[in-house]
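Source file: protein.pdb; contents: PDB, C-alpha atoms.
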```
ATOM      1  CA  MET T   1      75.421 158.481  97.135
ATOM      2  CA  ALA T   2      78.252 159.076  94.680
ATOM      3  CA  GLY T   3      80.948 158.015  97.109
ATOM      4  CA  ASN T   4      79.280 159.645 100.136
ATOM      5  CA  ILE T   5      79.069 163.261  99.035
ATOM      6  CA  GLU T   6      78.690 164.207 102.702
ATOM      7  CA  ASP T   7      82.356 163.221 103.140
ATOM      8  CA  TRP T   8      83.642 165.461 100.335
ATOM      9  CA  ASP T   9      85.618 168.400 101.731
ATOM     10  CA  PHE T  10      85.453 170.379  98.504
ATOM     11  CA  ILE T  11      82.645 170.311  95.947
ATOM     12  CA  ASN T  12      82.985 171.783  92.464
ATOM     13  CA  ILE T  13      79.691 172.411  90.653
ATOM     14  CA  VAL T  14      79.151 173.470  87.035
ATOM     15  CA  ILE T  15      75.745 174.691  85.850
ATOM     16  CA  ILE T  16      75.116 174.810  82.098
ATOM     17  CA  GLY T  17      72.175 176.297  80.247
ATOM     18  CA  ARG T  18      71.313 179.239  78.037
ATOM     19  CA  GLY T  19      71.679 182.971  78.611
ATOM     20  CA  GLY T  20      68.723 184.703  80.202
ATOM     21  CA  LEU T  21      67.423 181.665  82.062
ATOM     22  CA  GLY T  22      69.140 182.231  85.393
ATOM     23  CA  VAL T  23      72.232 180.033  85.202
ATOM     24  CA  VAL T  24      74.263 182.453  87.331
ATOM     25  CA  THR T  25      71.407 182.922  89.812
ATOM     26  CA  CYS T  26      71.256 179.141  90.207
ATOM     27  CA  ALA T  27      74.948 179.060  91.184
ATOM     28  CA  GLU T  28      74.451 181.924  93.641
ATOM     29  CA  ILE T  29      71.499 180.231  95.362
ATOM     30  CA  ILE T  30      73.478 176.986  95.691
ATOM     31  CA  ALA T  31      76.430 178.776  97.287
ATOM     32  CA  GLU T  32      74.292 180.810  99.663
ATOM     33  CA  ALA T  33      72.142 177.876 100.772
ATOM     34  CA  ALA T  34      75.250 175.736 101.323
ATOM     35  CA  TYR T  35      76.784 178.467 103.477
ATOM     36  CA  LEU T  36      73.588 178.763 105.528
ATOM     37  CA  SER T  37      73.861 175.057 106.376
ATOM     38  CA  GLY T  38      76.883 175.843 108.542
ATOM     39  CA  ASN T  39      78.869 172.961 107.019
ATOM     40  CA  PHE T  40      80.946 175.055 104.601
ATOM     41  CA  ILE T  41      83.488 177.653 105.711
ATOM     42  CA  ASP T  42      83.741 179.235 102.263
ATOM     43  CA  VAL T  43      81.622 179.300  99.103
ATOM     44  CA  HIS T  44      81.994 181.005  95.726
ATOM     45  CA  ALA T  45      79.605 181.452  92.785
ATOM     46  CA  TYR T  46      80.490 183.169  89.528
ATOM     47  CA  PRO T  47      79.763 183.051  85.776
ATOM     48  CA  SER T  48      82.009 181.743  83.047
ATOM     49  CA  PHE T  49      84.144 184.291  81.276
ATOM     50  CA  GLY T  50      82.888 185.799  78.037
ATOM     51  CA  ALA T  51      79.647 187.074  76.540
ATOM     52  CA  GLU T  52      76.333 185.967  78.007
ATOM     53  CA  ARG T  53      73.718 186.947  75.468
ATOM     54  CA  ARG T  54      70.186 185.625  75.773
ATOM     55  CA  GLY T  55      69.787 182.138  74.332
ATOM     56  CA  ALA T  56      73.525 181.453  73.944
ATOM     57  CA  PRO T  57      75.001 178.448  75.793
ATOM     58  CA  ILE T  58      76.600 179.609  79.043
ATOM     59  CA  GLN T  59      77.883 178.150  82.265
ATOM     60  CA  ALA T  60      78.368 179.215  85.856
ATOM     61  CA  PHE T  61      80.346 177.745  88.718
ATOM     62  CA  ALA T  62      79.871 177.111  92.423
ATOM     63  CA  LYS T  63      82.690 176.053  94.720
ATOM     64  CA  LEU T  64      81.896 174.816  98.222
ATOM     65  CA  SER T  65      84.632 174.171 100.795
ATOM     66  CA  LYS T  66      84.243 172.611 104.243
ATOM     67  CA  LYS T  67      87.782 173.062 105.540
ATOM     68  CA  LYS T  68      89.758 175.637 103.542
ATOM     69  CA  LYS T  69      89.268 179.128 102.193
ATOM     70  CA  ILE T  70      88.764 179.293  98.417
ATOM     71  CA  TRP T  71      91.375 181.496  96.773
ATOM     72  CA  ASP T  72      90.799 181.026  93.058
ATOM     73  CA  ARG T  73      88.005 181.827  90.626
ATOM     74  CA  ALA T  74      89.259 179.604  87.826
ATOM     75  CA  GLN T  75      86.846 177.762  85.578
ATOM     76  CA  ILE T  76      86.047 174.250  86.773
ATOM     77  CA  GLU T  77      87.348 171.691  84.298
ATOM     78  CA  ASN T  78      86.228 168.488  86.064
ATOM     79  CA  PRO T  79      83.152 169.069  88.224
ATOM     80  CA  ASP T  80      81.900 166.814  90.997
ATOM     81  CA  ILE T  81      78.360 167.874  90.055
ATOM     82  CA  LEU T  82      77.119 168.945  86.622
ATOM     83  CA  ILE T  83      73.675 170.591  86.512
ATOM     84  CA  VAL T  84      72.018 170.865  83.104
ATOM     85  CA  LEU T  85      69.212 173.424  82.885
ATOM     86  CA  ASP T  86      68.736 172.959  79.134
ATOM     87  CA  GLU T  87      69.327 169.483  77.736
ATOM     88  CA  THR T  88      70.228 170.866  74.296
ATOM     89  CA  VAL T  89      73.526 172.261  75.620
ATOM     90  CA  LEU T  90      74.689 168.904  77.016
ATOM     91  CA  ASN T  91      77.318 167.415  74.715
ATOM     92  CA  GLN T  92      80.031 164.784  74.898
ATOM     93  CA  THR T  93      82.653 167.297  76.016
ATOM     94  CA  ASN T  94      80.841 168.571  79.088
ATOM     95  CA  ALA T  95      79.346 165.154  79.901
ATOM     96  CA  SER T  96      82.828 163.594  79.833
ATOM     97  CA  SER T  97      84.243 166.371  82.040
ATOM     98  CA  LEU T  98      82.314 165.034  85.053
ATOM     99  CA  LYS T  99      84.391 163.102  87.589
ATOM    100  CA  ASP T 100      83.934 159.332  87.502
ATOM    101  CA  ASN T 101      82.092 159.304  90.842
ATOM    102  CA  GLY T 102      80.226 162.535  90.165
ATOM    103  CA  ILE T 103      76.584 163.512  89.925
ATOM    104  CA  LEU T 104      74.770 164.538  86.740
ATOM    105  CA  ILE T 105      71.502 166.452  87.197
ATOM    106  CA  ILE T 106      69.402 167.081  84.098
ATOM    107  CA  ASN T 107      66.156 168.865  83.285
ATOM    108  CA  THR T 108      64.740 166.311  80.840
ATOM    109  CA  ASP T 109      61.749 164.115  80.046
ATOM    110  CA  LYS T 110      64.083 161.185  79.313
ATOM    111  CA  GLU T 111      65.062 158.340  81.612
ATOM    112  CA  PRO T 112      68.452 158.485  83.398
ATOM    113  CA  ASP T 113      69.948 155.469  81.602
ATOM    114  CA  ASN T 114      69.471 157.257  78.270
ATOM    115  CA  PHE T 115      72.417 159.501  79.169
ATOM    116  CA  VAL T 116      74.667 156.645  80.255
ATOM    117  CA  LYS T 117      74.322 155.110  76.804
ATOM    118  CA  LYS T 118      74.423 158.349  74.815
ATOM    119  CA  PHE T 119      77.576 159.703  76.475
ATOM    120  CA  ASN T 120      79.210 156.420  77.569
ATOM    121  CA  LEU T 121      79.263 157.523  81.208
ATOM    122  CA  SER T 122      80.963 155.714  84.077
ATOM    123  CA  LYS T 123      78.736 153.374  86.067
ATOM    124  CA  GLU T 124      79.905 155.227  89.180
ATOM    125  CA  ILE T 125      78.158 158.427  88.078
ATOM    126  CA  HIS T 126      74.778 159.061  89.673
ATOM    127  CA  ILE T 127      72.205 160.612  87.362
ATOM    128  CA  ILE T 128      69.183 162.536  88.628
ATOM    129  CA  VAL T 129      66.501 163.681  86.202
ATOM    130  CA  ALA T 130      63.052 165.280  86.150
ATOM    131  CA  ASP T 131      60.990 167.160  83.579
ATOM    132  CA  ILE T 132      61.337 170.585  85.181
ATOM    133  CA  ASN T 133      60.214 172.325  81.961
ATOM    134  CA  LYS T 134      56.823 170.646  82.189
ATOM    135  CA  LEU T 135      56.544 171.415  85.893
ATOM    136  CA  ALA T 136      57.372 175.113  85.398
ATOM    137  CA  VAL T 137      54.852 175.473  82.551
ATOM    138  CA  GLU T 138      52.114 173.734  84.555
ATOM    139  CA  LYS T 139      52.680 176.042  87.522
ATOM    140  CA  GLY T 140      53.042 179.203  85.418
ATOM    141  CA  LEU T 141      56.711 179.877  86.197
ATOM    142  CA  THR T 142      57.600 181.244  82.761
ATOM    143  CA  ILE T 143      58.939 184.405  81.125
ATOM    144  CA  GLU T 144      57.503 185.129  77.678
ATOM    145  CA  GLY T 145      56.407 181.495  77.491
ATOM    146  CA  VAL T 146      59.852 180.113  78.362
ATOM    147  CA  PRO T 147      59.907 177.863  81.464
ATOM    148  CA  ILE T 148      62.160 179.089  84.266
ATOM    149  CA  VAL T 149      63.909 176.076  85.773
ATOM    150  CA  ASN T 150      66.949 177.454  87.594
ATOM    151  CA  THR T 151      65.283 177.376  91.020
ATOM    152  CA  PRO T 152      63.038 174.273  90.685
ATOM    153  CA  ILE T 153      66.003 172.123  89.567
ATOM    154  CA  LEU T 154      67.528 172.671  93.006
ATOM    155  CA  GLY T 155      65.004 170.147  94.292
ATOM    156  CA  LEU T 156      66.931 167.536  92.309
ATOM    157  CA  LEU T 157      70.259 168.726  93.706
ATOM    158  CA  SER T 158      68.942 168.474  97.255
ATOM    159  CA  LYS T 159      68.453 164.729  96.673
ATOM    160  CA  SER T 160      72.227 164.321  96.821
ATOM    161  CA  LEU T 161      73.591 167.457  98.510
ATOM    162  CA  THR T 162      71.735 167.316 101.813
ATOM    163  CA  GLU T 163      73.022 170.729 102.947
ATOM    164  CA  LEU T 164      70.705 172.172 100.301
ATOM    165  CA  ASN T 165      67.602 171.088 102.166
ATOM    166  CA  LEU T 166      64.289 172.869 101.706
ATOM    167  CA  GLU T 167      64.794 175.040 104.786
ATOM    168  CA  ASN T 168      68.087 176.517 103.554
ATOM    169  CA  LEU T 169      66.877 176.896  99.976
ATOM    170  CA  SER T 170      63.659 178.562 101.170
ATOM    171  CA  ARG T 171      65.558 181.125 103.220
ATOM    172  CA  VAL T 172      67.634 182.144 100.206
ATOM    173  CA  VAL T 173      64.662 182.234  97.815
ATOM    174  CA  GLN T 174      62.558 184.291 100.231
ATOM    175  CA  LYS T 175      65.354 186.841 100.581
ATOM    176  CA  ARG T 176      65.806 187.193  96.805
ATOM    177  CA  MET T 177      62.189 187.257  95.608
ATOM    178  CA  SER T 178      58.821 188.821  96.282
ATOM    179  CA  GLU T 179      56.548 186.874  98.621
ATOM    180  CA  ASP T 180      54.324 185.377  95.899
ATOM    181  CA  LEU T 181      57.213 184.494  93.579
ATOM    182  CA  ALA T 182      59.177 182.967  96.443
ATOM    183  CA  LYS T 183      56.181 180.831  97.433
ATOM    184  CA  LEU T 184      55.827 179.528  93.862
ATOM    185  CA  ASN T 185      59.535 178.771  93.524
ATOM    186  CA  ILE T 186      59.655 176.938  96.856
ATOM    187  CA  GLU T 187      56.629 174.880  95.809
ATOM    188  CA  LEU T 188      58.410 173.923  92.586
ATOM    189  CA  ILE T 189      61.610 172.997  94.431
ATOM    190  CA  GLU T 190      59.520 170.580  96.522
ATOM    191  CA  GLU T 191      57.825 169.194  93.406
ATOM    192  CA  GLY T 192      61.172 168.760  91.661
ATOM    193  CA  TYR T 193      62.445 166.819  94.656
ATOM    194  CA  LYS T 194      59.430 164.496  94.517
ATOM    195  CA  LEU T 195      59.618 163.974  90.732
ATOM    196  CA  ALA T 196      63.346 163.191  90.637
ATOM    197  CA  LYS T 197      64.361 159.876  89.095
ATOM    198  CA  ILE T 198      67.749 158.559  90.203
ATOM    199  CA  LEU T 199      70.120 156.106  88.566
TER     200      LEU T 199
END
```
Output the file's structure in the form of structure tokens.
Amino acid sequence: MAGNIEDWDFINIVIIGRGGLGVVTCAEIIAEAAYLSGNFIDVHAYPSFGAERRGAPIQAFAKLSKKKKIWDRAQIENPDILIVLDETVLNQTNASSLKDNGILIINTDKEPDNFVKKFNLSKEIHIIVADINKLAVEKGLTIEGVPIVNTPILGLLSKSLTELNLENLSRVVQKRMSEDLAKLNIELIEEGYKLAKIL
């Protein structure tokens, strides 16, 4: 999909959301799982520059390279993949920054074509959506009542980036979390994958 993502030698990913909800952790899991696939010789994950207070809009970056070492840690201006953890931070500026053949992944209860119309997106862009908030609340993956979606949304990403299959994601999650929390997160990644709607 999206111009055969498997053929892309370099993949730039931007994750946007709000502070305190694991945006940076999401980028780190993506990079680590991609590296575990054996298809990437270098991966980077890092936050945007500036303050990251809880609730404020923030972004993080993941760079995945199949053939060359990554030398820079510059902000990504035109991502191949844009992952939106909190729909309220998606605006025309970041929606329009996505490459014309890119992939837009959104935690939302809306249909994919809603975003094509709202942001006048290229017909070449693939959009993948699922209501990860609802899923996280139903399964009890919350902090102080706020749904935690940074791991479950990776099920949507794995629909297009096959290197992030359940096996690789599970290995990373199990290493980072306690046994019970890892089991819950892996279950939600699988559920997110099943719920994903693709345009």
10 Å contact set for T:Ile186, only C-alpha atoms, chain neighbours under 2 positions out, as an MDAnalysis selection string
chainID T and resid 151:152 154:155 166:167 169:171 173:174 181:184 188:192
Apply the PyMOL selection byres ((chain T and resi 19-35) around 7) to the structure shown and report the selected residues as number ranges by chain.
T: 15-18, 36-40, 43-47, 52-62, 64, 148, 150-151, 163-164, 168-169, 172
Carefully work through the PyMOL selection byres ((chain T and resi 95) around 9) for this structure and note down the residues it includes, as JSON, numbers by chain.
{"T": [82, 90, 91, 92, 93, 94, 96, 97, 98, 104, 115, 119, 121]}
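Picture a line from atom CA of T:Arg73 to atom CA of T:Val129; it runs 28.5 Å.
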Select, from T:Glu124, T:Ala130, T:Asp9, T:Asn185, the residue with the minimum atom-to-atom distance to T:Thr142, counting only C-alpha atoms.
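Ranked by minimum distance to T:Thr142, first place goes to T:Asn185.
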Take the point (86.1, 176.9, 89.1) in the file's coordinates, draw a sphere of radius 7 Å around it, and report as a tab-separated table (two decimals) with C-alpha atoms, keeping the file's coordinate frame every protein, DNA or RNA residue with an atom inside or on it, counting all atoms listed in the file.
```tsv
chain	number	residue	atom	x	y	z
T	12	ASN	CA	82.98	171.78	92.46
T	61	PHE	CA	80.35	177.74	88.72
T	63	LYS	CA	82.69	176.05	94.72
T	73	ARG	CA	88.00	181.83	90.63
T	74	ALA	CA	89.26	179.60	87.83
T	75	GLN	CA	86.85	177.76	85.58
T	76	ILE	CA	86.05	174.25	86.77
```
Given the file above and the PyMOL selection byres ((chain T and resi 103) around 9), which residues are selected, and can you give them as a PyMOL selection string?
chain T and resi 1-2+79-83+98-102+104-105+124-128+160
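If you look at atom CA of T:Phe10 and atom CA of T:Ser158, they are 16.7 Å away from each other.
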Which residue of T:Glu87, T:Asp7, T:Glu179, T:Asp42 approaches T:Ile106 most closely, using all atoms listed in the file
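Nearest candidate to T:Ile106 out of T:Glu87, T:Asp7, T:Glu179, T:Asp42: T:Glu87.
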